[in-house]
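Structure record follows, encoded as structure tokens.
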Amino acid sequence: MSGQTDTVINTILENIDRGLLNPGDVVQEEELIAELGISRTPMREALLKLESTGLVQRQPRKGALIFKPTLEEFLGILEVHAHLEGQAAGLAARRLSAERGKLLEKAVVDCEVHQRKFGDENSDKYYQLNLEFHKTIAEAAGNHFLLELIKSNARKLMAYYRARYKFSGAIADSALDHRKIAELIVSRKSDEAQKAMTKHVQFDQLTAMDLLAALG
């Protein structure tokens, strides 16, 4: 049964990562049950586990909804996430291996090439490249627990970061930040890398309000 429960959890998480489930969306339980060929029990267990992480909220007569933060909650989660990402960049600057360095350079170049080719267009594709950049750094930090915290926290913000790249100039700014952060990491400037990453991930209240409004 636990295998089926994990399958449900992974499917829901993948749909969040791909932008198929956004904040406030209802988890279509009957459709998932039919798609995965499972009973209602693993579905219920999966939703309970996701609810315990804060990623899913269950409401009377509405079922299970993907977590949709208030402005205060959003800013609080964002503050924590920015510090987690910053910590990962600082650790990566101290622990970066030659192999991870090559992966980091590729992630940066992929973002730069996309920006030069498409500009503000195809933001969803850029967002996936952006995720790879951040994933590469988090893995280079060499701390599994920090990596899992970043993943868990990021899923509460993914839809908003994805929407952010639809704003004019956001992709170009992001690609420039990525290059700067990567250079600091490769140069082993841990404190500077941490500060640069924290600033890169964080944004002001006005932008947060715009993003919350954009997603209804």
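Residues are named by chain letter and number: chains run A, B, ... in the order of the structure tokens, numbers start at 1 in each chain, and ligands are numbered from 1 in the order shown.
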Shell of 12 Å around Arg100 (chain A), only C-alpha atoms, local chain residues under 5 positions omitted, as a CSV table (one decimal) with C-alpha atoms, in the first residue's frame:
chain,number,residue,atom,x,y,z
A,92,ALA,CA,28.5,25.0,-2.6
A,93,ALA,CA,31.3,27.6,-2.8
A,95,ARG,CA,32.4,22.1,-1.5
A,105,GLU,CA,28.6,26.1,-15.9
A,106,LYS,CA,26.3,24.1,-18.2
A,107,ALA,CA,23.2,25.2,-16.2
A,133,PHE,CA,20.5,25.9,-12.0
A,135,LYS,CA,19.0,22.2,-8.2
A,136,THR,CA,22.7,22.0,-9.3
A,137,ILE,CA,23.7,24.4,-6.6
A,138,ALA,CA,21.6,22.7,-3.9
A,139,GLU,CA,23.2,19.3,-4.7
A,140,ALA,CA,26.7,20.9,-4.8
A,141,ALA,CA,26.1,22.0,-1.2
A,142,GLY,CA,26.5,18.4,-0.2
A,182,ALA,CA,28.2,30.9,-10.4
A,185,ILE,CA,30.8,29.9,-6.1
A,186,VAL,CA,33.6,28.8,-8.5
For this session: Find the residue from A:Ser123, A:Ala154, A:Gln87, A:Ser39 that sits nearest to Ser168 (chain A); use only C-alpha atoms when measuring.
Result: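 With only C-alpha atoms as the atom set, the closest residue is A:Ser123.
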For this session: Write out as a ChimeraX atom specification all residues of region 33-189 of chain A that DSSP puts in alpha helix (DSSP H) for this structure's backbone.
Result: /A:33-36,40-52,71-95,98-118,123-140,144-154,158-164,170-186
Exercise. With distances taken over only C-alpha atoms, which of A:Ala159, A:Met197, A:Val27, A:Leu149 is nearest to Leu65 (chain A)?
Worked result: A:Val27
Problem set entry | Selected residue, from A:Ser152, A:Ser174, A:Asn10, A:Asn15, that lies nearest to His200 (chain A) when counting only C-alpha atoms |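 Residue with the minimum atom-to-atom distance to His200 (chain A): A:Ser174.
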Exercise. Quick one: residues within 7 Å of Ala46 (chain A), only C-alpha atoms counted, chain neighbours fewer than 5 positions away excluded, as number ranges by chain?
Worked result: A: 5-6, 8-9
Could you please take those selected residues and save N, CA and C atoms as a PDB file, in the first residue's frame?
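Writing the result to again.pdb gives the following:
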ATOM      1  N   THR A   5       0.776   4.678  -2.302  1.00  0.00           N
ATOM      2  CA  THR A   5       0.702   6.005  -1.679  1.00  0.00           C
ATOM      3  C   THR A   5       1.823   6.894  -2.204  1.00  0.00           C
ATOM      4  N   ASP A   6       3.016   6.347  -2.286  1.00  0.00           N
ATOM      5  CA  ASP A   6       4.156   7.110  -2.815  1.00  0.00           C
ATOM      6  C   ASP A   6       3.939   7.491  -4.281  1.00  0.00           C
ATOM      7  N   VAL A   8       1.066   8.132  -5.707  1.00  0.00           N
ATOM      8  CA  VAL A   8       0.133   9.262  -5.717  1.00  0.00           C
ATOM      9  C   VAL A   8       0.867  10.548  -5.353  1.00  0.00           C
ATOM     10  N   ILE A   9       1.666  10.490  -4.299  1.00  0.00           N
ATOM     11  CA  ILE A   9       2.414  11.677  -3.858  1.00  0.00           C
ATOM     12  C   ILE A   9       3.322  12.180  -4.975  1.00  0.00           C
TER      13      ILE A   9
END
Exercise. Out of A:Lys151, A:Lys117, A:Lys189, A:Arg164, which residue has the shortest atom-to-atom distance to Gln202 (chain A) when counting only C-alpha atoms?
Worked result: A:Arg164
Exercise. Neighbours of Gly90 (chain A) within 7 Å (only C-alpha atoms; same-chain residues fewer than 5 positions away dropped), as a PyMOL selection string?
Worked result: chain A and resi 190-191+193-194
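Distances to Ala175 (chain A) were evaluated for A:Leu91, A:Val80, A:Leu96, A:Val113 using only C-alpha atoms, and the minimum falls at A:Val113.
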For this session: Could you check which of A:Ile181, A:Leu21, A:Leu176, A:Leu71 is closest to Gly86 (chain A), using only C-alpha atoms?
Result: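 Of A:Ile181, A:Leu21, A:Leu176, A:Leu71, the one nearest Gly86 (chain A) is A:Ile181, counting only C-alpha atoms.
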Exercise. Near Thr7 (chain A), within 12 Å and counting only C-alpha atoms, which residues show up once chain neighbours fewer than 3 positions away are dropped, as number ranges by chain?
Worked result: A: 1-4, 10-14, 32-33, 35-38, 42-43, 45-47
With N, CA and C atoms retained, export the selected residues as a CSV table (one decimal), in the first residue's frame.
chain,number,residue,atom,x,y,z
A,1,MET,N,0.8,-1.2,0.0
A,1,MET,CA,0.0,0.0,0.0
A,1,MET,C,0.9,1.3,0.0
A,2,SER,N,2.0,1.2,0.7
A,2,SER,CA,2.8,2.4,0.8
A,2,SER,C,3.4,2.7,-0.6
A,3,GLY,N,3.6,1.7,-1.4
A,3,GLY,CA,4.1,2.0,-2.8
A,3,GLY,C,3.1,2.8,-3.6
A,4,GLN,N,1.8,2.4,-3.4
A,4,GLN,CA,0.8,3.1,-4.2
A,4,GLN,C,0.6,4.6,-3.6
A,10,ASN,N,4.1,11.3,-5.6
A,10,ASN,CA,5.0,11.7,-6.6
A,10,ASN,C,4.3,12.2,-7.8
A,11,THR,N,3.1,11.7,-8.2
A,11,THR,CA,2.3,12.2,-9.3
A,11,THR,C,1.9,13.6,-9.0
A,12,ILE,N,1.4,13.9,-7.8
A,12,ILE,CA,0.9,15.2,-7.5
A,12,ILE,C,2.1,16.2,-7.4
A,13,LEU,N,3.2,15.8,-6.9
A,13,LEU,CA,4.4,16.7,-6.8
A,13,LEU,C,4.9,17.0,-8.3
A,14,GLU,N,4.9,16.0,-9.1
A,14,GLU,CA,5.3,16.2,-10.5
A,14,GLU,C,4.4,17.2,-11.2
A,32,LEU,N,-7.3,10.9,-10.6
A,32,LEU,CA,-6.1,10.3,-10.3
A,32,LEU,C,-6.2,8.8,-9.9
A,33,ILE,N,-7.3,8.5,-9.2
A,33,ILE,CA,-7.6,7.1,-8.9
A,33,ILE,C,-7.7,6.3,-10.1
A,35,GLU,N,-6.6,7.1,-13.2
A,35,GLU,CA,-5.4,7.2,-14.0
A,35,GLU,C,-4.3,6.2,-13.4
A,36,LEU,N,-4.2,6.1,-12.1
A,36,LEU,CA,-3.2,5.3,-11.5
A,36,LEU,C,-3.7,3.9,-11.2
A,37,GLY,N,-5.0,3.6,-11.3
A,37,GLY,CA,-5.5,2.3,-11.1
A,37,GLY,C,-5.4,1.9,-9.6
A,38,ILE,N,-5.7,2.8,-8.7
A,38,ILE,CA,-5.6,2.5,-7.3
A,38,ILE,C,-6.9,2.6,-6.6
A,42,PRO,N,-5.0,4.5,-0.7
A,42,PRO,CA,-3.7,5.2,-0.9
A,42,PRO,C,-3.9,6.7,-1.3
A,43,MET,N,-5.0,7.0,-1.9
A,43,MET,CA,-5.2,8.4,-2.2
A,43,MET,C,-5.4,9.2,-1.0
A,45,GLU,N,-4.3,8.4,2.1
A,45,GLU,CA,-3.1,8.4,2.8
A,45,GLU,C,-2.1,9.4,2.2
A,46,ALA,N,-2.1,9.5,0.9
A,46,ALA,CA,-1.2,10.5,0.2
A,46,ALA,C,-1.6,11.9,0.5
A,47,LEU,N,-2.8,12.2,0.5
A,47,LEU,CA,-3.3,13.5,0.8
A,47,LEU,C,-3.0,13.9,2.2
Exercise. Just how far from CA of His81 (chain A) is CA of Leu215 (chain A), in Å to one decimal?
Worked result: 19.8 Å
Those in region 57-169 of chain A with strand (DSSP E) from DSSP, as a compact mmCIF listing (two decimals) with N, CA and C atoms, in the first residue's frame:
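After the write, selection.txt holds the following:
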# COMPACT_ATOMS: atom_id res chain seq x y z
N GLN A 57 -4.21 21.51 1.37
CA GLN A 57 -5.17 21.90 2.40
C GLN A 57 -6.50 21.22 2.10
N ARG A 58 -7.09 20.60 3.11
CA ARG A 58 -8.38 19.95 2.92
C ARG A 58 -9.47 20.86 3.50
N GLN A 59 -10.50 21.12 2.69
CA GLN A 59 -11.58 22.00 3.11
C GLN A 59 -12.92 21.29 2.93
N GLY A 63 -12.87 19.45 -0.89
CA GLY A 63 -11.84 18.43 -1.09
C GLY A 63 -10.45 18.95 -0.79
N ALA A 64 -9.47 18.39 -1.49
CA ALA A 64 -8.07 18.76 -1.26
C ALA A 64 -7.64 19.84 -2.25
N LEU A 65 -7.09 20.93 -1.72
CA LEU A 65 -6.64 22.04 -2.55
C LEU A 65 -5.13 22.22 -2.39
N ILE A 66 -4.48 22.61 -3.48
CA ILE A 66 -3.07 22.96 -3.40
C ILE A 66 -2.94 24.25 -2.59
Problem set entry | Coordinates-based distance that separates CA of Gly169 (chain A) from CA of Leu75 (chain A) (Å, one decimal) | 22.4 Å
Exercise. Rounded to one decimal in Å, what is the spacing between CA of Phe203 (chain A) and CA of Glu121 (chain A)?
Worked result: 21.5 Å
